[in-house]
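Raw contents of entry20.pdb, PDB, C-alpha atoms and all ligand atoms:
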```pdb
ATOM      1  CA  MET A   1       7.332 -43.793  15.518  1.00  0.00           C
ATOM      2  CA  GLY A   2       5.796 -46.824  17.204  1.00  0.00           C
ATOM      3  CA  GLY A   3       2.346 -47.809  16.023  1.00  0.00           C
ATOM      4  CA  VAL A   4       2.151 -45.195  13.284  1.00  0.00           C
ATOM      5  CA  ASP A   5       1.888 -46.266   9.666  1.00  0.00           C
ATOM      6  CA  VAL A   6       4.416 -43.756   8.357  1.00  0.00           C
ATOM      7  CA  ALA A   7       3.872 -44.532   4.677  1.00  0.00           C
ATOM      8  CA  ALA A   8       0.098 -44.052   5.006  1.00  0.00           C
ATOM      9  CA  ALA A   9       0.552 -40.871   7.029  1.00  0.00           C
ATOM     10  CA  LEU A  10       2.940 -39.491   4.400  1.00  0.00           C
ATOM     11  CA  ALA A  11       0.528 -40.305   1.556  1.00  0.00           C
ATOM     12  CA  GLU A  12      -2.087 -38.231   3.380  1.00  0.00           C
ATOM     13  CA  LEU A  13       0.440 -35.560   4.206  1.00  0.00           C
ATOM     14  CA  TYR A  14       1.305 -35.224   0.537  1.00  0.00           C
ATOM     15  CA  GLN A  15      -2.376 -34.620  -0.267  1.00  0.00           C
ATOM     16  CA  LEU A  16      -2.573 -32.149   2.588  1.00  0.00           C
ATOM     17  CA  GLN A  17       0.348 -30.286   1.095  1.00  0.00           C
ATOM     18  CA  ALA A  18      -1.463 -30.028  -2.257  1.00  0.00           C
ATOM     19  CA  LYS A  19      -4.338 -28.406  -0.350  1.00  0.00           C
ATOM     20  CA  ASP A  20      -1.954 -26.095   1.493  1.00  0.00           C
ATOM     21  CA  LEU A  21      -0.426 -25.007  -1.793  1.00  0.00           C
ATOM     22  CA  GLU A  22      -3.910 -24.223  -3.144  1.00  0.00           C
ATOM     23  CA  LEU A  23      -4.530 -22.152  -0.024  1.00  0.00           C
ATOM     24  CA  ASP A  24      -1.230 -20.322  -0.516  1.00  0.00           C
ATOM     25  CA  GLN A  25      -2.221 -19.525  -4.073  1.00  0.00           C
ATOM     26  CA  LEU A  26      -5.642 -18.244  -3.020  1.00  0.00           C
ATOM     27  CA  GLU A  27      -4.016 -16.030  -0.430  1.00  0.00           C
ATOM     28  CA  ALA A  28      -1.637 -14.604  -3.035  1.00  0.00           C
ATOM     29  CA  GLU A  29      -4.564 -13.985  -5.405  1.00  0.00           C
ATOM     30  CA  MET A  30      -6.447 -12.148  -2.676  1.00  0.00           C
ATOM     31  CA  LYS A  31      -3.495  -9.839  -2.150  1.00  0.00           C
ATOM     32  CA  ARG A  32      -2.889  -9.231  -5.850  1.00  0.00           C
ATOM     33  CA  LEU A  33      -4.344  -5.898  -6.925  1.00  0.00           C
ATOM     34  CA  PRO A  34      -5.879  -5.828 -10.428  1.00  0.00           C
ATOM     35  CA  PRO A  35      -3.526  -3.673 -12.582  1.00  0.00           C
ATOM     36  CA  GLU A  36      -6.394  -1.412 -13.661  1.00  0.00           C
ATOM     37  CA  LEU A  37      -7.227  -0.650 -10.042  1.00  0.00           C
ATOM     38  CA  ALA A  38      -3.594  -0.206  -9.038  1.00  0.00           C
ATOM     39  CA  GLU A  39      -3.115   2.280 -11.860  1.00  0.00           C
ATOM     40  CA  LEU A  40      -6.255   4.232 -11.032  1.00  0.00           C
ATOM     41  CA  ARG A  41      -5.437   4.320  -7.312  1.00  0.00           C
ATOM     42  CA  LYS A  42      -2.035   5.724  -8.203  1.00  0.00           C
ATOM     43  CA  LYS A  43      -3.596   8.391 -10.455  1.00  0.00           C
ATOM     44  CA  TRP A  44      -6.119   9.240  -7.744  1.00  0.00           C
ATOM     45  CA  GLU A  45      -3.513   9.563  -5.024  1.00  0.00           C
ATOM     46  CA  GLU A  46      -1.181  11.665  -7.154  1.00  0.00           C
ATOM     47  CA  ARG A  47      -3.992  14.137  -7.809  1.00  0.00           C
ATOM     48  CA  LEU A  48      -5.060  14.113  -4.209  1.00  0.00           C
ATOM     49  CA  ASP A  49      -1.493  14.862  -3.070  1.00  0.00           C
ATOM     50  CA  ARG A  50      -1.246  17.663  -5.612  1.00  0.00           C
ATOM     51  CA  LEU A  51      -4.581  19.047  -4.431  1.00  0.00           C
ATOM     52  CA  THR A  52      -3.419  19.097  -0.814  1.00  0.00           C
ATOM     53  CA  GLU A  53      -0.243  20.848  -1.919  1.00  0.00           C
ATOM     54  CA  LEU A  54      -2.140  23.510  -3.902  1.00  0.00           C
ATOM     55  CA  LYS A  55      -4.581  24.115  -1.056  1.00  0.00           C
ATOM     56  CA  GLU A  56      -1.689  24.628   1.323  1.00  0.00           C
ATOM     57  CA  GLN A  57      -0.069  27.087  -1.117  1.00  0.00           C
ATOM     58  CA  LEU A  58      -3.364  28.942  -1.473  1.00  0.00           C
ATOM     59  CA  LYS A  59      -3.692  29.169   2.287  1.00  0.00           C
ATOM     60  CA  GLN A  60      -0.250  30.730   2.560  1.00  0.00           C
ATOM     61  CA  VAL A  61      -0.809  33.221  -0.264  1.00  0.00           C
ATOM     62  CA  ARG A  62      -4.214  34.147   1.151  1.00  0.00           C
ATOM     63  CA  ARG A  63      -2.719  34.686   4.607  1.00  0.00           C
ATOM     64  CA  GLU A  64      -0.146  37.042   3.100  1.00  0.00           C
ATOM     65  CA  TYR A  65      -2.807  38.801   1.054  1.00  0.00           C
ATOM     66  CA  GLU A  66      -5.062  39.284   4.086  1.00  0.00           C
ATOM     67  CA  LYS A  67      -2.196  40.664   6.104  1.00  0.00           C
ATOM     68  CA  ASN A  68      -1.456  43.194   3.333  1.00  0.00           C
ATOM     69  CA  ASP A  69      -5.118  43.987   2.914  1.00  0.00           C
ATOM     70  CA  LEU A  70      -5.499  44.714   6.611  1.00  0.00           C
ATOM     71  CA  GLU A  71      -2.483  46.984   6.541  1.00  0.00           C
ATOM     72  CA  LEU A  72      -3.782  48.739   3.392  1.00  0.00           C
ATOM     73  CA  LYS A  73      -7.126  49.418   5.092  1.00  0.00           C
ATOM     74  CA  ASP A  74      -5.298  50.760   8.109  1.00  0.00           C
ATOM     75  CA  LEU A  75      -3.055  53.019   6.002  1.00  0.00           C
ATOM     76  CA  THR A  76      -6.006  54.234   3.925  1.00  0.00           C
ATOM     77  CA  ALA A  77      -7.956  55.088   7.059  1.00  0.00           C
ATOM     78  CA  LYS A  78      -4.968  56.964   8.431  1.00  0.00           C
ATOM     79  CA  ARG A  79      -4.615  58.875   5.192  1.00  0.00           C
ATOM     80  CA  THR A  80      -8.311  59.795   5.162  1.00  0.00           C
ATOM     81  CA  GLN A  81      -7.956  60.989   8.731  1.00  0.00           C
ATOM     82  CA  ALA A  82      -4.880  63.061   7.838  1.00  0.00           C
ATOM     83  CA  GLN A  83      -6.728  64.565   4.879  1.00  0.00           C
ATOM     84  CA  GLU A  84      -9.626  65.519   7.097  1.00  0.00           C
ATOM     85  CA  GLU A  85      -7.329  66.964   9.724  1.00  0.00           C
ATOM     86  CA  GLN A  86      -5.439  68.863   7.079  1.00  0.00           C
ATOM     87  CA  LEU A  87      -8.662  70.732   6.262  1.00  0.00           C
ATOM     88  CA  GLN A  88      -8.765  71.841   9.891  1.00  0.00           C
ATOM     89  CA  ALA A  89      -5.133  72.976   9.897  1.00  0.00           C
ATOM     90  CA  GLU A  90      -4.537  76.357  11.361  1.00  0.00           C
ATOM     91  CA  SER A  91      -1.188  77.247   9.839  1.00  0.00           C
ATOM     92  CA  ALA A  92       0.710  76.770   6.595  1.00  0.00           C
ATOM     93  CA  ARG A  93       3.322  74.840   8.558  1.00  0.00           C
ATOM     94  CA  GLU A  94       0.698  72.442   9.813  1.00  0.00           C
ATOM     95  CA  VAL A  95      -0.692  72.042   6.279  1.00  0.00           C
ATOM     96  CA  THR A  96       2.771  71.100   5.074  1.00  0.00           C
ATOM     97  CA  GLN A  97       3.212  68.609   7.929  1.00  0.00           C
ATOM     98  CA  TYR A  98      -0.061  66.944   6.959  1.00  0.00           C
ATOM     99  CA  GLU A  99       0.963  67.059   3.325  1.00  0.00           C
ATOM    100  CA  ASN A 100       4.159  65.169   4.145  1.00  0.00           C
ATOM    101  CA  ARG A 101       2.303  62.648   6.214  1.00  0.00           C
ATOM    102  CA  ILE A 102      -0.260  62.090   3.445  1.00  0.00           C
ATOM    103  CA  GLN A 103       2.589  61.718   0.952  1.00  0.00           C
ATOM    104  CA  GLN A 104       4.319  59.120   3.121  1.00  0.00           C
ATOM    105  CA  LEU A 105       1.113  57.167   3.570  1.00  0.00           C
ATOM    106  CA  SER A 106       0.404  57.287  -0.171  1.00  0.00           C
ATOM    107  CA  THR A 107       3.862  55.986  -0.992  1.00  0.00           C
ATOM    108  CA  ARG A 108       3.448  53.096   1.426  1.00  0.00           C
ATOM    109  CA  ILE A 109      -0.057  52.399   0.069  1.00  0.00           C
ATOM    110  CA  ASP A 110       1.295  52.299  -3.498  1.00  0.00           C
ATOM    111  CA  GLU A 111       4.144  49.991  -2.506  1.00  0.00           C
ATOM    112  CA  LEU A 112       1.856  47.654  -0.685  1.00  0.00           C
ATOM    113  CA  THR A 113      -0.696  47.658  -3.516  1.00  0.00           C
ATOM    114  CA  GLU A 114       2.079  46.712  -5.911  1.00  0.00           C
ATOM    115  CA  LEU A 115       3.038  43.808  -3.658  1.00  0.00           C
ATOM    116  CA  THR A 116      -0.562  42.711  -3.253  1.00  0.00           C
ATOM    117  CA  LEU A 117      -1.585  42.576  -6.913  1.00  0.00           C
ATOM    118  CA  PRO A 118       0.599  39.546  -7.767  1.00  0.00           C
ATOM    119  CA  LEU A 119      -0.837  37.795  -4.709  1.00  0.00           C
ATOM    120  CA  ILE A 120      -4.327  38.237  -6.097  1.00  0.00           C
ATOM    121  CA  GLU A 121      -3.184  36.827  -9.435  1.00  0.00           C
ATOM    122  CA  GLU A 122      -1.515  33.913  -7.642  1.00  0.00           C
ATOM    123  CA  MET A 123      -4.675  33.184  -5.658  1.00  0.00           C
ATOM    124  CA  GLU A 124      -6.712  33.184  -8.857  1.00  0.00           C
ATOM    125  CA  ARG A 125      -4.219  30.847 -10.534  1.00  0.00           C
ATOM    126  CA  LEU A 126      -4.248  28.462  -7.557  1.00  0.00           C
ATOM    127  CA  GLU A 127      -8.029  28.530  -7.283  1.00  0.00           C
ATOM    128  CA  ALA A 128      -8.334  27.648 -10.970  1.00  0.00           C
ATOM    129  CA  ALA A 129      -5.815  24.801 -10.628  1.00  0.00           C
ATOM    130  CA  ILE A 130      -7.654  23.474  -7.564  1.00  0.00           C
ATOM    131  CA  LYS A 131     -10.960  23.595  -9.396  1.00  0.00           C
ATOM    132  CA  GLU A 132      -9.452  21.728 -12.328  1.00  0.00           C
ATOM    133  CA  LEU A 133      -8.006  19.027 -10.075  1.00  0.00           C
ATOM    134  CA  GLU A 134     -11.279  18.662  -8.203  1.00  0.00           C
ATOM    135  CA  ALA A 135     -13.064  18.209 -11.525  1.00  0.00           C
ATOM    136  CA  GLU A 136     -10.530  15.544 -12.533  1.00  0.00           C
ATOM    137  CA  LEU A 137     -11.013  13.738  -9.232  1.00  0.00           C
ATOM    138  CA  ALA A 138     -14.784  13.890  -9.593  1.00  0.00           C
ATOM    139  CA  GLU A 139     -14.414  12.375 -13.043  1.00  0.00           C
ATOM    140  CA  LEU A 140     -12.173   9.550 -11.797  1.00  0.00           C
ATOM    141  CA  LYS A 141     -14.304   8.786  -8.755  1.00  0.00           C
ATOM    142  CA  PRO A 142     -17.096   6.643 -10.264  1.00  0.00           C
ATOM    143  CA  GLU A 143     -14.603   4.403 -12.110  1.00  0.00           C
ATOM    144  CA  LEU A 144     -12.438   4.085  -9.014  1.00  0.00           C
ATOM    145  CA  GLU A 145     -15.454   3.188  -6.890  1.00  0.00           C
ATOM    146  CA  ARG A 146     -16.574   0.649  -9.466  1.00  0.00           C
ATOM    147  CA  LEU A 147     -13.134  -1.020  -9.558  1.00  0.00           C
ATOM    148  CA  GLU A 148     -12.857  -0.969  -5.748  1.00  0.00           C
ATOM    149  CA  ALA A 149     -16.268  -2.620  -5.406  1.00  0.00           C
ATOM    150  CA  GLU A 150     -15.345  -5.168  -8.067  1.00  0.00           C
ATOM    151  CA  ASN A 151     -12.126  -5.963  -6.236  1.00  0.00           C
ATOM    152  CA  GLU A 152     -13.913  -6.313  -2.911  1.00  0.00           C
ATOM    153  CA  ALA A 153     -16.378  -8.745  -4.488  1.00  0.00           C
ATOM    154  CA  ARG A 154     -13.477 -10.676  -6.031  1.00  0.00           C
ATOM    155  CA  ILE A 155     -11.735 -10.936  -2.657  1.00  0.00           C
ATOM    156  CA  ALA A 156     -14.952 -11.932  -0.885  1.00  0.00           C
ATOM    157  CA  GLU A 157     -15.471 -14.744  -3.385  1.00  0.00           C
ATOM    158  CA  LEU A 158     -11.904 -15.961  -3.002  1.00  0.00           C
ATOM    159  CA  LYS A 159     -12.306 -15.802   0.740  1.00  0.00           C
ATOM    160  CA  THR A 160     -15.349 -18.068   0.627  1.00  0.00           C
ATOM    161  CA  THR A 161     -13.408 -20.599  -1.444  1.00  0.00           C
ATOM    162  CA  TYR A 162     -10.486 -20.208   0.910  1.00  0.00           C
ATOM    163  CA  GLU A 163     -12.602 -20.915   4.013  1.00  0.00           C
ATOM    164  CA  GLU A 164     -14.101 -24.021   2.369  1.00  0.00           C
ATOM    165  CA  LYS A 165     -10.709 -25.400   1.428  1.00  0.00           C
ATOM    166  CA  ARG A 166      -9.329 -24.474   4.799  1.00  0.00           C
ATOM    167  CA  ALA A 167     -12.049 -26.547   6.491  1.00  0.00           C
ATOM    168  CA  GLU A 168     -11.267 -29.482   4.189  1.00  0.00           C
ATOM    169  CA  ARG A 169      -7.630 -29.090   5.058  1.00  0.00           C
ATOM    170  CA  GLU A 170      -8.319 -29.139   8.788  1.00  0.00           C
ATOM    171  CA  ALA A 171     -10.366 -32.336   8.380  1.00  0.00           C
ATOM    172  CA  MET A 172      -7.514 -33.940   6.441  1.00  0.00           C
ATOM    173  CA  ALA A 173      -4.999 -32.883   9.074  1.00  0.00           C
ATOM    174  CA  LYS A 174      -6.954 -34.669  11.811  1.00  0.00           C
ATOM    175  CA  ALA A 175      -6.225 -38.037  10.128  1.00  0.00           C
ATOM    176  CA  ILE A 176      -2.468 -37.434  10.301  1.00  0.00           C
ATOM    177  CA  PRO A 177      -0.409 -37.800  13.517  1.00  0.00           C
ATOM    178  CA  ALA A 178       0.091 -34.388  15.131  1.00  0.00           C
ATOM    179  CA  LEU A 179       3.835 -34.923  15.355  1.00  0.00           C
ATOM    180  CA  VAL A 180       4.078 -35.374  11.581  1.00  0.00           C
ATOM    181  CA  ILE A 181       1.931 -32.283  10.974  1.00  0.00           C
ATOM    182  CA  ARG A 182       4.087 -30.180  13.305  1.00  0.00           C
ATOM    183  CA  GLU A 183       7.303 -31.225  11.649  1.00  0.00           C
ATOM    184  CA  TYR A 184       5.832 -30.718   8.183  1.00  0.00           C
ATOM    185  CA  GLU A 185       4.578 -27.240   9.065  1.00  0.00           C
ATOM    186  CA  ALA A 186       7.912 -26.170  10.511  1.00  0.00           C
ATOM    187  CA  ILE A 187       9.727 -27.285   7.355  1.00  0.00           C
ATOM    188  CA  ARG A 188       7.079 -25.698   5.125  1.00  0.00           C
ATOM    189  CA  ARG A 189       7.540 -22.344   6.825  1.00  0.00           C
ATOM    190  CA  ALA A 190      11.293 -22.492   6.377  1.00  0.00           C
ATOM    191  CA  ARG A 191      11.270 -23.979   2.869  1.00  0.00           C
ATOM    192  CA  LYS A 192       9.049 -21.934   0.551  1.00  0.00           C
ATOM    193  CA  GLY A 193       5.857 -23.867   1.248  1.00  0.00           C
ATOM    194  CA  ILE A 194       7.149 -27.389   0.514  1.00  0.00           C
ATOM    195  CA  GLY A 195       7.506 -29.598   3.594  1.00  0.00           C
ATOM    196  CA  VAL A 196       7.202 -33.060   2.095  1.00  0.00           C
ATOM    197  CA  ALA A 197       8.781 -34.294  -1.155  1.00  0.00           C
ATOM    198  CA  ARG A 198       8.532 -37.518  -3.139  1.00  0.00           C
ATOM    199  CA  MET A 199      11.509 -39.617  -4.109  1.00  0.00           C
ATOM    200  CA  VAL A 200      11.852 -39.673  -7.880  1.00  0.00           C
ATOM    201  CA  PRO A 201      13.727 -42.515  -9.629  1.00  0.00           C
ATOM    202  CA  VAL A 202      16.855 -41.516 -11.502  1.00  0.00           C
ATOM    203  CA  GLY A 203      17.076 -43.431 -14.776  1.00  0.00           C
ATOM    204  CA  GLU A 204      15.154 -46.542 -15.877  1.00  0.00           C
ATOM    205  CA  ASP A 205      16.370 -49.158 -13.409  1.00  0.00           C
ATOM    206  CA  ARG A 206      14.875 -47.428 -10.318  1.00  0.00           C
ATOM    207  CA  GLN A 207      18.037 -48.151  -8.374  1.00  0.00           C
ATOM    208  CA  ALA A 208      18.776 -44.520  -7.511  1.00  0.00           C
ATOM    209  CA  PHE A 209      16.491 -41.754  -6.395  1.00  0.00           C
ATOM    210  CA  ARG A 210      16.550 -38.029  -6.081  1.00  0.00           C
ATOM    211  CA  CYS A 211      14.554 -35.631  -3.916  1.00  0.00           C
ATOM    212  CA  GLU A 212      11.639 -34.185  -5.872  1.00  0.00           C
ATOM    213  CA  ALA A 213      12.043 -30.786  -4.191  1.00  0.00           C
ATOM    214  CA  CYS A 214      15.778 -30.109  -4.381  1.00  0.00           C
ATOM    215  CA  SER A 215      16.732 -32.681  -7.084  1.00  0.00           C
ATOM    216  CA  VAL A 216      19.752 -33.908  -5.167  1.00  0.00           C
ATOM    217  CA  GLN A 217      20.406 -37.663  -5.512  1.00  0.00           C
ATOM    218  CA  LEU A 218      19.759 -39.519  -2.269  1.00  0.00           C
ATOM    219  CA  PRO A 219      22.300 -41.889  -0.672  1.00  0.00           C
ATOM    220  CA  THR A 220      21.143 -45.517  -0.962  1.00  0.00           C
ATOM    221  CA  HIS A 221      20.690 -45.976   2.783  1.00  0.00           C
ATOM    222  CA  VAL A 222      18.431 -42.938   2.923  1.00  0.00           C
ATOM    223  CA  ALA A 223      16.312 -44.216   0.040  1.00  0.00           C
ATOM    224  CA  GLN A 224      16.092 -47.608   1.760  1.00  0.00           C
ATOM    225  CA  LYS A 225      14.901 -46.084   5.013  1.00  0.00           C
ATOM    226  CA  VAL A 226      12.252 -44.152   3.133  1.00  0.00           C
ATOM    227  CA  TYR A 227      11.078 -47.365   1.480  1.00  0.00           C
ATOM    228  CA  GLN A 228      10.926 -49.225   4.771  1.00  0.00           C
ATOM    229  CA  GLY A 229       8.514 -46.543   6.006  1.00  0.00           C
ATOM    230  CA  ARG A 230       9.160 -47.071   9.711  1.00  0.00           C
ATOM    231  CA  GLN A 231      10.269 -43.554  10.525  1.00  0.00           C
ATOM    232  CA  LEU A 232      10.229 -39.996   9.206  1.00  0.00           C
ATOM    233  CA  VAL A 233      13.237 -39.515   6.972  1.00  0.00           C
ATOM    234  CA  ARG A 234      14.384 -36.115   5.861  1.00  0.00           C
ATOM    235  CA  CYS A 235      16.299 -35.254   2.713  1.00  0.00           C
ATOM    236  CA  PRO A 236      19.971 -34.854   3.751  1.00  0.00           C
ATOM    237  CA  SER A 237      20.259 -31.961   1.327  1.00  0.00           C
ATOM    238  CA  CYS A 238      17.123 -29.791   1.811  1.00  0.00           C
ATOM    239  CA  GLY A 239      15.743 -31.219   5.053  1.00  0.00           C
ATOM    240  CA  ARG A 240      12.259 -31.960   3.689  1.00  0.00           C
ATOM    241  CA  ILE A 241      10.340 -35.049   4.740  1.00  0.00           C
ATOM    242  CA  LEU A 242      10.714 -37.747   2.074  1.00  0.00           C
ATOM    243  CA  TRP A 243       7.830 -39.884   0.895  1.00  0.00           C
ATOM    244  CA  LYS A 244       8.415 -42.932  -1.277  1.00  0.00           C
ATOM    245  CA  GLY A 245       5.497 -41.950  -3.506  1.00  0.00           C
ATOM    246  CA  PRO A 246       2.316 -43.806  -4.443  1.00  0.00           C
TER     247      PRO A 246
HETATM  248 ZN    ZN A 301      15.729 -32.402  -0.922  1.00  0.00          ZN
END
```
Would you mind writing the structure in this file as structure tokens?
Ligand SMILES: [Zn+2]
Amino acid sequence: MGGVDVAAALAELYQLQAKDLELDQLEAEMKRLPPELAELRKKWEERLDRLTELKEQLKQVRREYEKNDLELKDLTAKRTQAQEEQLQAESAREVTQYENRIQQLSTRIDELTELTLPLIEEMERLEAAIKELEAELAELKPELERLEAENEARIAELKTTYEEKRAEREAMAKAIPALVIREYEAIRRARKGIGVARMVPVGEDRQAFRCEACSVQLPTHVAQKVYQGRQLVRCPSCGRILWKGP
């Protein structure tokens, strides 16, 4: 890297990384839902799902009830008509025919009424359950809205801090050769956010060093190259850029 002061660039890069890690943390905080809100959202959604389910059930029962009701009205009208016609009957035979018809209609009306009564009870039960759920939701709503608003304000505040730090970061990045930044960023993406690592002495005599990030001891010639600071040297074990440290 002709003309570039690698050691100076790496010192700046290390500071840049500290800023990047702060940004990562802010991003994670923004995404983290407060437990209170998460719990309440869950409660809210469970009730809402249940409400949708009950309303669908009610719709089906009501459809069935209305179908029966329509048929009952039809049968009742037919029976009334038969009763009226029976009064006009001109022979005993005809009277008996009407009697049979009325009897048949009555039987069917009774059967259908028997089938319809439980539907009415079911509709009443569902309507009561729906009302209860709606009341529960109405009770949860203000607290949920309060927590949602609080969370939005929290995120907005973090976002402001994030944008400020992001601008600082961009200014810092401008002082570092683009090639170094690109390599650092590629490693950072692949290596859990750490792209540059210091060499840390092993023992008191500072003769051997290990990589700060992966802790593997570095071969002497690698450590020497890092100290010379003439090129970018990567840890042979984890591939991160090595900096000799301050
Ligand atoms: Zn390493």
Within 10 Å of (12.1, -36.6, 2.5), in the coordinates the file gives, what residues turn up when you count all atoms listed in the file, written out as a PyMOL selection string?
chain A and resi 10+195-199+210-213+218+222-223+226+232-244
Practice item. Show which residues sit within 12 Å of segment 78-81 of chain A, as a VMD selection string. Count only C-alpha atoms, and ignore same-chain residues fewer than 3 positions away. Key: chain A and resid 71 to 75 84 to 88 98 to 109
Taking all atoms of segment 221-227 of chain A that appear in the file, build a box with edges along x, y and z, extend it by 4 Å on every side, and state its centre and edge lengths in Å to one decimal, as lines of an AutoDock Vina configuration file.
```
center_x = 15.9
center_y = -45.3
center_z = 2.5
size_x = 17.6
size_y = 12.7
size_z = 13.0
```
Given the file shown, enumerate the residues that the PyMOL selection byres (((chain A and resi 48) around 12) and not hetatm) captures and present them as a list of chain:residue names. A:Arg41, A:Lys42, A:Lys43, A:Trp44, A:Glu45, A:Glu46, A:Arg47, A:Asp49, A:Arg50, A:Leu51, A:Thr52, A:Glu53, A:Leu54, A:Lys55, A:Ile130, A:Glu132, A:Leu133, A:Glu134, A:Ala135, A:Glu136, A:Leu137, A:Ala138, A:Leu140, A:Lys141
Neighbour residues at most 10 Å from (0.8, -40.4, 1.0) (only C-alpha atoms) as a VMD selection string: chain A and resid 6 to 16 196 198 243 to 246
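Note that the spacing between atom CA of Leu37 of chain A and atom CA of Thr160 of chain A amounts to 22.0 Å.
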From the set A:Ser215, A:Thr220, A:Ser91, A:Gln228, which residue has the shortest atom-to-atom contact distance to ligand ZN 301 (chain A), counting only C-alpha atoms and all ligand atoms?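 Of A:Ser215, A:Thr220, A:Ser91, A:Gln228, the one nearest ligand ZN 301 (chain A) is A:Ser215, counting only C-alpha atoms and all ligand atoms.
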- What is the distance between atom CA of Leu58 of chain A and atom CA of Glu122 of chain A, in Å to one decimal?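 Value for the atom CA of Leu58 of chain A-atom CA of Glu122 of chain A distance: 8.1 Å.
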A straight line from atom CA of Ala190 of chain A to atom ZN of ligand ZN 301 (chain A) spans 13.1 Å
Within 12 Å of Met30 of chain A, counting only C-alpha atoms, which residues qualify if same-chain residues fewer than 5 places away don't, as a ChimeraX atom specification? /A:23-25,151-162
- request: Tell me which protein, DNA and RNA residues are within 9 Å of Leu119 of chain A, counting all atoms listed in the file, leaving out same-chain ones fewer than 3 positions away, and put them as a list in words.
  value: Val61, Arg62, Glu64, Tyr65, Leu115, Thr116, Glu122, Met123 and Glu124 of chain A
Worksheet entry | Residue nearest ligand ZN 301 (chain A) - candidates A:Gln224, A:Gln217, A:Gln60, A:Gln231, atoms counted: all atoms listed in the file |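 When distances to ligand ZN 301 (chain A) are compared using all atoms listed in the file, the smallest one comes from A:Gln217.
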Shortest contact to ligand ZN 301 (chain A), candidates A:Ile194, A:Leu21, A:Ala89, A:Ala208, atoms counted only C-alpha atoms and all ligand atoms, goes to A:Ile194
With distances taken over all atoms listed in the file, which residue among A:Lys165, A:Glu204, A:Ile187, A:Glu29 lies nearest ligand ZN 301 (chain A)?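 Distance minimum relative to ligand ZN 301 (chain A) lands on A:Ile187.
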Checklist entry - Quick one: of A:Ala18, A:Leu126, A:Leu40, A:Leu26, who's nearest to Glu148 of chain A, counting all atoms listed in the file? => result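 Closest residue, counting all atoms listed in the file: A:Leu40.
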